[in-house]
file coords.cif (mmCIF, C-alpha atoms and all ligand atoms)
data_coords
#
loop_
_atom_site.label_atom_id
_atom_site.label_comp_id
_atom_site.auth_asym_id
_atom_site.auth_seq_id
_atom_site.Cartn_x
_atom_site.Cartn_y
_atom_site.Cartn_z
CA MET A 1335 126.45 99.77 105.09
CA ASN A 1336 127.68 99.80 101.52
CA THR A 1337 127.66 103.60 101.20
CA VAL A 1338 130.95 104.83 99.77
CA GLN A 1339 132.84 107.51 101.72
CA VAL A 1340 133.52 110.45 99.44
CA THR A 1341 137.23 110.80 100.20
CA ASP A 1342 139.36 113.35 98.32
CA GLU A 1343 140.39 110.54 95.98
CA VAL A 1344 136.79 109.57 95.24
CA GLN A 1345 135.94 113.25 94.74
CA ASP A 1346 138.82 113.62 92.25
CA TYR A 1347 137.47 110.59 90.40
CA LEU A 1348 133.96 112.06 90.29
CA ASP A 1349 135.39 115.39 89.11
CA SER A 1350 137.18 113.60 86.28
CA LEU A 1351 133.81 112.38 84.98
CA LEU A 1352 132.15 115.80 84.88
CA PRO A 1353 131.08 117.18 81.53
CA ALA A 1354 133.36 119.91 80.18
CA ARG A 1355 132.14 123.43 80.91
CA ASP A 1356 132.07 126.12 78.26
CA PRO A 1357 134.05 129.35 78.85
CA VAL A 1358 131.03 131.18 80.35
CA LEU A 1359 130.38 128.59 83.08
CA ALA A 1360 134.12 128.07 83.65
CA ARG A 1361 134.63 131.81 84.20
CA MET A 1362 131.64 131.99 86.55
CA GLU A 1363 132.99 129.07 88.61
CA GLU A 1364 136.31 130.90 88.98
CA GLU A 1365 134.66 134.19 89.92
CA ALA A 1366 132.32 132.59 92.46
CA HIS A 1367 135.15 130.59 93.99
CA GLY A 1368 137.45 133.62 94.16
CA GLU A 1369 134.81 135.94 95.62
CA GLY A 1370 133.02 133.47 97.90
CA ILE A 1371 129.71 133.71 96.04
CA PRO A 1372 127.55 130.73 97.03
CA ILE A 1373 126.63 128.83 93.88
CA VAL A 1374 125.92 125.17 93.16
CA ASP A 1375 128.92 123.23 91.88
CA ALA A 1376 129.23 121.55 88.50
CA HIS A 1377 128.04 118.18 89.87
CA GLU A 1378 124.84 119.76 91.07
CA GLY A 1379 124.53 121.84 87.91
CA ALA A 1380 124.77 118.68 85.82
CA PHE A 1381 122.27 116.94 88.13
CA LEU A 1382 119.75 119.80 87.89
CA SER A 1383 120.22 119.84 84.14
CA LEU A 1384 119.50 116.10 83.90
CA LEU A 1385 116.38 116.40 86.06
CA VAL A 1386 114.99 119.22 83.91
CA ARG A 1387 115.81 117.36 80.71
CA ILE A 1388 114.32 114.05 81.88
CA ALA A 1389 111.15 115.79 83.10
CA GLY A 1390 110.93 117.78 79.85
CA SER A 1391 110.46 120.99 81.83
CA LYS A 1392 110.16 124.23 79.89
CA ARG A 1393 108.87 126.76 82.43
CA LEU A 1394 111.41 127.14 85.21
CA LEU A 1395 111.25 129.06 88.47
CA GLU A 1396 114.30 129.75 90.63
CA LEU A 1397 114.47 131.41 94.04
CA GLY A 1398 118.00 132.78 94.47
CA THR A 1399 119.83 133.66 91.24
CA ALA A 1400 123.21 134.89 92.55
CA ILE A 1401 125.21 135.47 89.33
CA GLY A 1402 123.13 133.08 87.21
CA TYR A 1403 125.26 129.93 87.31
CA SER A 1404 122.55 127.39 88.17
CA GLY A 1405 120.12 129.33 85.99
CA ILE A 1406 122.32 128.72 82.95
CA TRP A 1407 122.54 124.97 83.68
CA LEU A 1408 118.75 124.86 84.11
CA LEU A 1409 117.91 126.87 81.00
CA ARG A 1410 120.33 125.00 78.76
CA ALA A 1411 118.53 121.77 79.66
CA THR A 1412 115.33 123.03 78.06
CA SER A 1413 114.59 123.45 74.40
CA GLY A 1414 113.74 127.12 74.25
CA GLY A 1415 112.34 127.21 77.79
CA THR A 1416 112.05 130.20 80.10
CA LEU A 1417 113.42 130.93 83.56
CA THR A 1418 111.85 133.29 86.09
CA THR A 1419 114.41 133.91 88.82
CA PHE A 1420 114.51 136.10 91.95
CA GLU A 1421 117.50 137.93 93.42
CA THR A 1422 117.59 140.78 95.95
CA ASN A 1423 121.31 141.61 95.70
CA HIS A 1424 121.58 144.30 92.99
CA GLU A 1425 125.23 143.75 92.15
CA ARG A 1426 124.65 140.00 91.69
CA ALA A 1427 121.53 140.65 89.62
CA VAL A 1428 123.48 142.92 87.26
CA ARG A 1429 126.14 140.27 86.83
CA ALA A 1430 123.53 137.53 86.33
CA ARG A 1431 121.89 139.52 83.51
CA SER A 1432 125.26 139.96 81.86
CA ASN A 1433 126.05 136.24 82.27
CA PHE A 1434 122.70 135.18 80.82
CA ALA A 1435 123.46 137.42 77.83
CA ALA A 1436 126.98 135.95 77.47
CA ALA A 1437 125.40 132.47 77.42
CA GLY A 1438 122.97 133.56 74.70
CA LEU A 1439 120.02 133.17 77.09
CA ALA A 1440 119.06 136.80 77.75
CA LYS A 1441 115.68 136.47 76.05
CA GLN A 1442 114.79 133.35 78.02
CA ALA A 1443 115.72 134.62 81.49
CA LEU A 1444 113.42 136.95 83.42
CA LEU A 1445 115.33 138.17 86.47
CA LEU A 1446 113.10 139.81 89.07
CA GLU A 1447 115.05 141.94 91.49
CA GLU A 1448 112.82 141.59 94.51
CA ASP A 1449 112.22 139.47 97.58
CA ALA A 1450 111.37 135.97 96.38
CA VAL A 1451 108.65 135.41 98.96
CA GLN A 1452 106.80 138.62 98.12
CA GLY A 1453 107.40 138.06 94.41
CA LEU A 1454 106.07 134.52 94.55
CA GLU A 1455 102.80 135.76 96.05
CA LYS A 1456 102.25 137.95 92.99
CA LEU A 1457 102.95 135.24 90.43
CA SER A 1458 100.02 133.51 88.81
CA ALA A 1459 101.89 131.56 86.12
CA LYS A 1460 102.44 127.81 86.35
CA PHE A 1461 105.90 126.22 86.24
CA ASP A 1462 107.27 122.77 85.42
CA THR A 1463 110.26 122.96 87.76
CA CYS A 1464 110.81 125.11 90.83
CA PHE A 1465 114.34 125.32 92.25
CA ILE A 1466 114.62 126.81 95.74
CA ASP A 1467 118.17 127.99 96.39
CA LEU A 1468 117.67 130.15 99.45
CA LEU A 1469 116.37 127.63 101.98
CA ASN A 1470 119.12 128.82 104.33
CA SER A 1471 117.87 132.37 104.40
CA PHE A 1472 114.27 131.96 105.58
CA PRO A 1473 113.66 133.68 108.93
CA SER A 1474 111.15 131.20 110.33
CA GLU A 1475 109.27 127.93 109.83
CA ASP A 1476 106.18 129.99 108.89
CA VAL A 1477 108.02 131.60 105.97
CA THR A 1478 109.48 128.21 105.00
CA ARG A 1479 105.97 126.73 104.89
CA LYS A 1480 104.67 129.73 102.97
CA VAL A 1481 107.33 129.31 100.27
CA PHE A 1482 106.65 125.58 100.09
CA ASP A 1483 102.89 126.22 99.71
CA LEU A 1484 103.39 128.95 97.11
CA CYS A 1485 105.70 126.75 95.04
CA MET A 1486 103.24 123.84 95.24
CA GLN A 1487 100.47 126.13 93.95
CA ARG A 1488 102.60 126.92 90.90
CA LEU A 1489 103.26 123.26 90.01
CA ASP A 1490 100.94 120.76 88.31
CA ALA A 1491 101.15 116.96 88.33
CA GLY A 1492 104.57 115.86 87.10
CA GLY A 1493 106.16 119.14 88.22
CA LEU A 1494 109.47 119.11 90.09
CA LEU A 1495 110.16 120.85 93.37
CA ILE A 1496 113.90 120.95 94.02
CA ALA A 1497 115.77 122.57 96.90
CA ASP A 1498 119.47 123.02 97.58
CA ASN A 1499 121.28 122.73 100.94
CA ALA A 1500 118.84 120.10 102.19
CA LEU A 1501 121.51 118.65 104.50
CA ARG A 1502 123.14 121.89 105.66
CA GLN A 1503 126.47 120.14 106.20
CA GLY A 1504 124.71 117.58 108.40
CA GLU A 1505 123.26 120.19 110.77
CA VAL A 1506 119.72 119.05 109.93
CA ILE A 1507 120.24 115.89 111.99
CA LYS A 1508 120.38 117.81 115.28
CA PRO A 1509 119.54 121.36 114.26
CA LYS A 1510 120.75 124.03 116.66
CA GLY A 1511 120.32 127.37 114.88
CA HIS A 1512 117.08 128.58 113.33
CA GLN A 1513 118.40 128.17 109.76
CA ALA A 1514 119.15 124.47 110.20
CA ARG A 1515 115.76 124.05 111.92
CA ASN A 1516 114.02 125.67 108.94
CA VAL A 1517 115.79 123.37 106.50
CA ALA A 1518 114.91 120.31 108.62
CA PHE A 1519 111.31 121.58 108.74
CA TYR A 1520 111.28 121.93 104.92
CA ASN A 1521 112.58 118.37 104.54
CA GLN A 1522 109.73 117.14 106.76
CA LEU A 1523 107.14 119.12 104.78
CA VAL A 1524 108.32 117.50 101.56
CA ALA A 1525 108.73 113.98 102.95
CA LYS A 1526 105.29 113.94 104.63
CA ASP A 1527 103.26 115.55 101.85
CA PRO A 1528 101.12 112.86 100.22
CA ARG A 1529 101.03 114.84 96.96
CA LEU A 1530 104.78 114.36 96.49
CA GLU A 1531 107.23 111.56 95.83
CA SER A 1532 110.67 112.63 96.98
CA VAL A 1533 114.26 111.86 97.88
CA VAL A 1534 117.20 113.81 99.30
CA VAL A 1535 120.30 113.16 97.21
CA PRO A 1536 123.64 113.71 99.00
CA ILE A 1537 125.26 115.69 96.19
CA ARG A 1538 127.32 118.58 97.59
CA ASP A 1539 125.22 119.99 100.50
CA GLY A 1540 122.21 117.78 99.73
CA VAL A 1541 119.55 118.25 97.06
CA SER A 1542 115.89 117.67 97.87
CA VAL A 1543 114.09 116.40 94.78
CA ALA A 1544 110.32 115.98 94.75
CA ARG A 1545 107.81 115.29 92.00
CA VAL A 1546 104.12 116.15 92.17
CA LYS A 1547 102.28 112.84 91.79
CA ASP A 1548 99.92 112.25 88.83
C1 LIG B 1 122.82 130.26 97.22
S1 LIG B 1 122.66 131.75 96.36
C2 LIG B 1 121.99 131.26 94.80
C3 LIG B 1 122.98 130.53 93.94
C4 LIG B 1 122.52 130.23 92.53
N1 LIG B 1 121.23 129.56 92.52
C5 LIG B 1 123.53 129.37 91.83
O1 LIG B 1 123.73 128.24 92.28
O2 LIG B 1 124.12 129.81 90.85
C6 LIG B 1 121.24 132.48 97.10
C7 LIG B 1 120.94 133.87 96.57
O3 LIG B 1 119.66 134.25 97.05
C8 LIG B 1 119.67 135.63 97.31
N2 LIG B 1 118.59 135.86 98.27
C9 LIG B 1 118.59 135.64 99.61
N3 LIG B 1 117.39 135.88 100.14
C10 LIG B 1 116.60 136.28 99.11
C11 LIG B 1 115.22 136.62 99.01
N4 LIG B 1 114.43 136.64 100.07
N5 LIG B 1 114.73 136.93 97.79
C12 LIG B 1 115.52 136.90 96.68
N6 LIG B 1 116.83 136.57 96.72
C13 LIG B 1 117.35 136.26 97.91
C14 LIG B 1 121.06 135.93 97.84
O4 LIG B 1 121.43 137.27 97.60
C15 LIG B 1 121.92 134.93 97.05
O5 LIG B 1 122.55 135.54 95.94
#
call {"tool": "encode", "arguments": {"input": "coords.cif", "output": "C-alpha cells", "more": "lines below"}}
Ligand SMILES: C[S@@+](CC[C@H](N)C(=O)[O-])C[C@H]1O[C@@H](n2cnc3c(N)ncnc32)[C@H](O)[C@@H]1O
result
Amino acid sequence: MNTVQVTDEVQDYLDSLLPARDPVLARMEEEAHGEGIPIVDAHEGAFLSLLVRIAGSKRLLELGTAIGYSGIWLLRATSGGTLTTFETNHERAVRARSNFAAAGLAKQALLLEEDAVQGLEKLSAKFDTCFIDLLNSFPSEDVTRKVFDLCMQRLDAGGLLIADNALRQGEVIKPKGHQARNVAFYNQLVAKDPRLESVVVPIRDGVSVARVKD
C-alpha cells in the first residue's frame, strides 16, 4: 500500500501548510484545547470550508455547535450565507453566540438551544450543507437513522451531508460500545444509499462526505 503513515513529522509538515487563523479562531483553538472542549481542528475546519465553497452552499445546518468554531469556518466559506446550528449545553451556546459576534457573523448564525433531533423534526427549511457533529452522542441505531433521514429530507440534489468522527479512532472496524456501533451504522447508511455519492476522508477522526446525486 502506498498510504503514507501520518507520523509526528508528517503531521508537523501538514500543520506548516495550514492557512493562518485570525485572532478569533486562534483564541477559540486555545480555549478548546485548554478546557477539553471537543471541536474540529484547523485541518478539518479548512476542509469543511473548502467543501462549502466548492459546492457554493449558502444555507448551512449544523448539529452540535459547541463554542462555534466549526460554525465560523463554515459560515466564512459562504458569501453572506446563513447557519442554523443546534446546541444543548447552555454555557457553550452563550460562548458560541459571543464568538459568532466577535467574528462579525452574529446576524448570519441562528443558534437553537435545544435537542438537535427534536429540533430537526420541526424544521421545514431546506439546506445546501448539513454538518453532523454529534454522531458520537446518539443513543441508538434508530436515532442515528432518524437523524440521517431528517437531514436527507432537508437536502436537495447537489446538497452535502457531512459527518465528523466517522472513524471513531478506528473503533468502527470492530465496534464494541454502542457509540462506535452507531457510527459504523451511520457509515453503512451513507455508503449504501443509492441517492448519495460518498467517501470517508481520514482527516483527524474521519470525515464522512456525501453528496446528493443529481
Ligand atoms: C463535537 S461537539 C461540536 C463541535 C463543533 N461542531 C466544532 O467543531 O466547533 C458536539 C456538541 O454537541 C452538543 N450536543 C450533544 N448532543 C446534542 C443534542 N442531542 N442536541 C444538540 N446538541 C448536542 C454537545 O454539547 C457538544 O457541544
call {"tool": "closest_atom_pairs", "arguments": {"input": "coords.cif", "of": "chain A", "to": "ligand LIG 1 (chain B)", "cutoff": "9 Å", "atoms": "only C-alpha atoms and all ligand atoms", "output": "Markdown table"}}
result
| residue | atom | partner | partner_atom | distance |
| --- | --- | --- | --- | --- |
| A:Met1362 | CA | B:LIG1 | O2 | 8.9 |
| A:Ala1366 | CA | B:LIG1 | O2 | 8.8 |
| A:Ile1371 | CA | B:LIG1 | S1 | 7.3 |
| A:Pro1372 | CA | B:LIG1 | C1 | 4.8 |
| A:Ile1373 | CA | B:LIG1 | O1 | 3.4 |
| A:Val1374 | CA | B:LIG1 | O1 | 3.9 |
| A:Asp1375 | CA | B:LIG1 | O1 | 7.2 |
| A:Glu1378 | CA | B:LIG1 | O1 | 8.6 |
| A:Gly1379 | CA | B:LIG1 | O1 | 7.8 |
| A:Glu1396 | CA | B:LIG1 | N1 | 7.2 |
| A:Leu1397 | CA | B:LIG1 | C12 | 6.2 |
| A:Gly1398 | CA | B:LIG1 | O3 | 3.4 |
| A:Thr1399 | CA | B:LIG1 | N1 | 4.5 |
| A:Ala1400 | CA | B:LIG1 | O5 | 3.5 |
| A:Ile1401 | CA | B:LIG1 | O2 | 6.0 |
| A:Gly1402 | CA | B:LIG1 | O2 | 5.0 |
| A:Tyr1403 | CA | B:LIG1 | O2 | 3.7 |
| A:Ser1404 | CA | B:LIG1 | O2 | 3.9 |
| A:Gly1405 | CA | B:LIG1 | O2 | 6.3 |
| A:Ile1406 | CA | B:LIG1 | O2 | 8.2 |
| A:Trp1407 | CA | B:LIG1 | O2 | 8.8 |
| A:Thr1419 | CA | B:LIG1 | C12 | 8.5 |
| A:Phe1420 | CA | B:LIG1 | C12 | 4.9 |
| A:Glu1421 | CA | B:LIG1 | N6 | 3.6 |
| A:Thr1422 | CA | B:LIG1 | N6 | 4.3 |
| A:Asn1423 | CA | B:LIG1 | O4 | 4.7 |
| A:His1424 | CA | B:LIG1 | O4 | 8.4 |
| A:Arg1426 | CA | B:LIG1 | O5 | 6.5 |
| A:Ala1427 | CA | B:LIG1 | O5 | 8.2 |
| A:Ala1430 | CA | B:LIG1 | O2 | 9.0 |
| A:Leu1446 | CA | B:LIG1 | C12 | 8.5 |
| A:Glu1447 | CA | B:LIG1 | C12 | 7.2 |
| A:Glu1448 | CA | B:LIG1 | C12 | 5.8 |
| A:Asp1449 | CA | B:LIG1 | N5 | 3.6 |
| A:Ala1450 | CA | B:LIG1 | N5 | 3.8 |
| A:Val1451 | CA | B:LIG1 | N4 | 6.0 |
| A:Gln1452 | CA | B:LIG1 | N5 | 8.1 |
| A:Gly1453 | CA | B:LIG1 | N5 | 8.2 |
| A:Phe1465 | CA | B:LIG1 | N1 | 8.1 |
| A:Ile1466 | CA | B:LIG1 | N1 | 7.9 |
| A:Asp1467 | CA | B:LIG1 | N1 | 5.2 |
| A:Leu1468 | CA | B:LIG1 | C6 | 4.9 |
| A:Leu1469 | CA | B:LIG1 | C6 | 8.4 |
| A:Asn1470 | CA | B:LIG1 | C1 | 8.1 |
| A:Ser1471 | CA | B:LIG1 | N3 | 5.5 |
| A:Phe1472 | CA | B:LIG1 | N4 | 7.2 |
| A:Asp1498 | CA | B:LIG1 | C1 | 8.0 |
| A:Asn1499 | CA | B:LIG1 | C1 | 8.5 |
call {"tool": "closest_residue", "arguments": {"input": "coords.cif", "among": "A:Ala1443, A:Ala1500, A:Val1506, A:Leu1454", "to": "Arg1538 of chain A", "atoms": "only C-alpha atoms"}}
result
A:Ala1500
call {"tool": "atom_distance", "arguments": {"input": "coords.cif", "atom1": "atom CA of Phe1519 of chain A", "atom2": "atom CA of Glu1531 of chain A"}}
result
16.8 Å
call {"tool": "atom_distance", "arguments": {"input": "coords.cif", "atom1": "atom CA of Arg1410 of chain A", "atom2": "atom CA of Ser1383 of chain A"}}
result
7.5 Å
call {"tool": "axis_aligned_box", "arguments": {"input": "coords.cif", "around": "segment 1518-1536 of chain A", "padding_each_side": "4 Å", "output": "AutoDock Vina command-line options"}}
result
--center_x 112.3 --center_y 116.7 --center_z 102.3 --size_x 30.6 --size_y 18.4 --size_z 20.9
call {"tool": "atom_distance", "arguments": {"input": "coords.cif", "atom1": "atom CA of Ala1459 of chain A", "atom2": "atom CA of Ile1388 of chain A"}}
result
21.9 Å
call {"tool": "closest_residue", "arguments": {"input": "coords.cif", "among": "A:Ser1532, A:Ser1474, A:Thr1463, A:Ser1413", "to": "Gly1511 of chain A", "atoms": "all atoms listed in the file"}}
result
A:Ser1474
call {"tool": "closest_residue", "arguments": {"input": "coords.cif", "among": "A:Arg1361, A:Lys1547, A:Arg1515, A:Lys1460", "to": "Ala1436 of chain A", "atoms": "only C-alpha atoms"}}
result
A:Arg1361
call {"tool": "closest_residue", "arguments": {"input": "coords.cif", "among": "A:Asp1476, A:Glu1369, A:Asp1346, A:Asp1483", "to": "Val1524 of chain A", "atoms": "only C-alpha atoms"}}
result
A:Asp1483
call {"tool": "closest_residue", "arguments": {"input": "coords.cif", "among": "A:Val1358, A:Val1541, A:Ala1525, A:Leu1352", "to": "Gly1438 of chain A", "atoms": "all atoms listed in the file"}}
result
A:Val1358
call {"tool": "closest_residue", "arguments": {"input": "coords.cif", "among": "A:Gln1487, A:Thr1418, A:Thr1478, A:Thr1412", "to": "Ala1514 of chain A", "atoms": "all atoms listed in the file"}}
result
A:Thr1478
call {"tool": "build_atoms", "arguments": {"input": "coords.cif", "residues": "segment 1395-1430 of chain A", "atoms": "N, CA and C atoms", "output": "compact mmCIF listing (two decimals), in the frame of the given file"}}
result
# COMPACT_ATOMS: atom_id res chain seq x y z
N LEU A 1395 111.28 128.02 87.44
CA LEU A 1395 111.25 129.06 88.47
C LEU A 1395 112.43 128.82 89.40
N GLU A 1396 113.16 129.89 89.71
CA GLU A 1396 114.30 129.75 90.63
C GLU A 1396 114.22 130.83 91.70
N LEU A 1397 114.42 130.44 92.95
CA LEU A 1397 114.47 131.41 94.04
C LEU A 1397 115.92 131.50 94.48
N GLY A 1398 116.58 132.62 94.15
CA GLY A 1398 118.00 132.78 94.47
C GLY A 1398 118.86 132.60 93.23
N THR A 1399 119.10 133.71 92.52
CA THR A 1399 119.83 133.66 91.24
C THR A 1399 121.34 133.70 91.43
N ALA A 1400 121.79 134.49 92.41
CA ALA A 1400 123.21 134.89 92.55
C ALA A 1400 123.68 135.45 91.20
N ILE A 1401 124.73 134.88 90.59
CA ILE A 1401 125.21 135.47 89.33
C ILE A 1401 124.74 134.66 88.11
N GLY A 1402 123.77 133.75 88.34
CA GLY A 1402 123.13 133.08 87.21
C GLY A 1402 123.70 131.72 86.84
N TYR A 1403 124.59 131.19 87.67
CA TYR A 1403 125.26 129.93 87.31
C TYR A 1403 124.27 128.76 87.18
N SER A 1404 123.50 128.51 88.25
CA SER A 1404 122.55 127.39 88.17
C SER A 1404 121.48 127.68 87.12
N GLY A 1405 121.13 128.97 86.98
CA GLY A 1405 120.12 129.33 85.99
C GLY A 1405 120.54 128.94 84.58
N ILE A 1406 121.82 129.09 84.29
CA ILE A 1406 122.32 128.72 82.95
C ILE A 1406 122.25 127.20 82.76
N TRP A 1407 122.66 126.44 83.78
CA TRP A 1407 122.54 124.97 83.68
C TRP A 1407 121.08 124.57 83.44
N LEU A 1408 120.18 125.21 84.21
CA LEU A 1408 118.75 124.86 84.11
C LEU A 1408 118.21 125.19 82.72
N LEU A 1409 118.47 126.43 82.29
CA LEU A 1409 117.91 126.87 81.00
C LEU A 1409 118.45 126.07 79.82
N ARG A 1410 119.74 125.75 79.88
CA ARG A 1410 120.33 125.00 78.76
C ARG A 1410 119.75 123.59 78.63
N ALA A 1411 119.11 123.11 79.70
CA ALA A 1411 118.53 121.77 79.66
C ALA A 1411 117.15 121.76 79.01
N THR A 1412 116.64 122.94 78.69
CA THR A 1412 115.33 123.03 78.06
C THR A 1412 115.52 123.29 76.56
N SER A 1413 114.49 122.99 75.78
CA SER A 1413 114.59 123.45 74.40
C SER A 1413 113.75 124.71 74.30
N GLY A 1414 114.43 125.83 74.38
CA GLY A 1414 113.74 127.12 74.25
C GLY A 1414 112.86 127.46 75.42
N GLY A 1415 113.17 126.94 76.61
CA GLY A 1415 112.34 127.21 77.79
C GLY A 1415 112.61 128.59 78.37
N THR A 1416 111.88 128.90 79.45
CA THR A 1416 112.05 130.20 80.10
C THR A 1416 112.34 130.00 81.59
N LEU A 1417 113.08 130.95 82.14
CA LEU A 1417 113.42 130.93 83.56
C LEU A 1417 112.97 132.24 84.20
N THR A 1418 112.17 132.13 85.25
CA THR A 1418 111.85 133.29 86.09
C THR A 1418 112.66 133.12 87.36
N THR A 1419 113.50 134.10 87.70
CA THR A 1419 114.41 133.91 88.82
C THR A 1419 114.49 135.17 89.68
N PHE A 1420 114.54 134.97 91.00
CA PHE A 1420 114.51 136.10 91.95
C PHE A 1420 115.86 136.31 92.61
N GLU A 1421 116.26 137.58 92.71
CA GLU A 1421 117.50 137.93 93.42
C GLU A 1421 117.35 139.32 94.02
N THR A 1422 117.70 139.47 95.29
CA THR A 1422 117.59 140.78 95.95
C THR A 1422 118.89 141.59 95.89
N ASN A 1423 120.01 140.91 95.68
CA ASN A 1423 121.31 141.61 95.70
C ASN A 1423 121.53 142.25 94.32
N HIS A 1424 121.54 143.59 94.28
CA HIS A 1424 121.58 144.30 92.99
C HIS A 1424 122.84 143.97 92.19
N GLU A 1425 123.97 143.98 92.86
CA GLU A 1425 125.23 143.75 92.15
C GLU A 1425 125.23 142.36 91.51
N ARG A 1426 124.72 141.35 92.25
CA ARG A 1426 124.65 140.00 91.69
C ARG A 1426 123.66 139.93 90.53
N ALA A 1427 122.55 140.66 90.69
CA ALA A 1427 121.53 140.65 89.62
C ALA A 1427 122.10 141.22 88.32
N VAL A 1428 122.87 142.30 88.45
CA VAL A 1428 123.48 142.92 87.26
C VAL A 1428 124.41 141.92 86.57
N ARG A 1429 125.20 141.24 87.40
CA ARG A 1429 126.14 140.27 86.83
C ARG A 1429 125.39 139.07 86.22
N ALA A 1430 124.30 138.66 86.87
CA ALA A 1430 123.53 137.53 86.33
C ALA A 1430 122.97 137.88 84.95
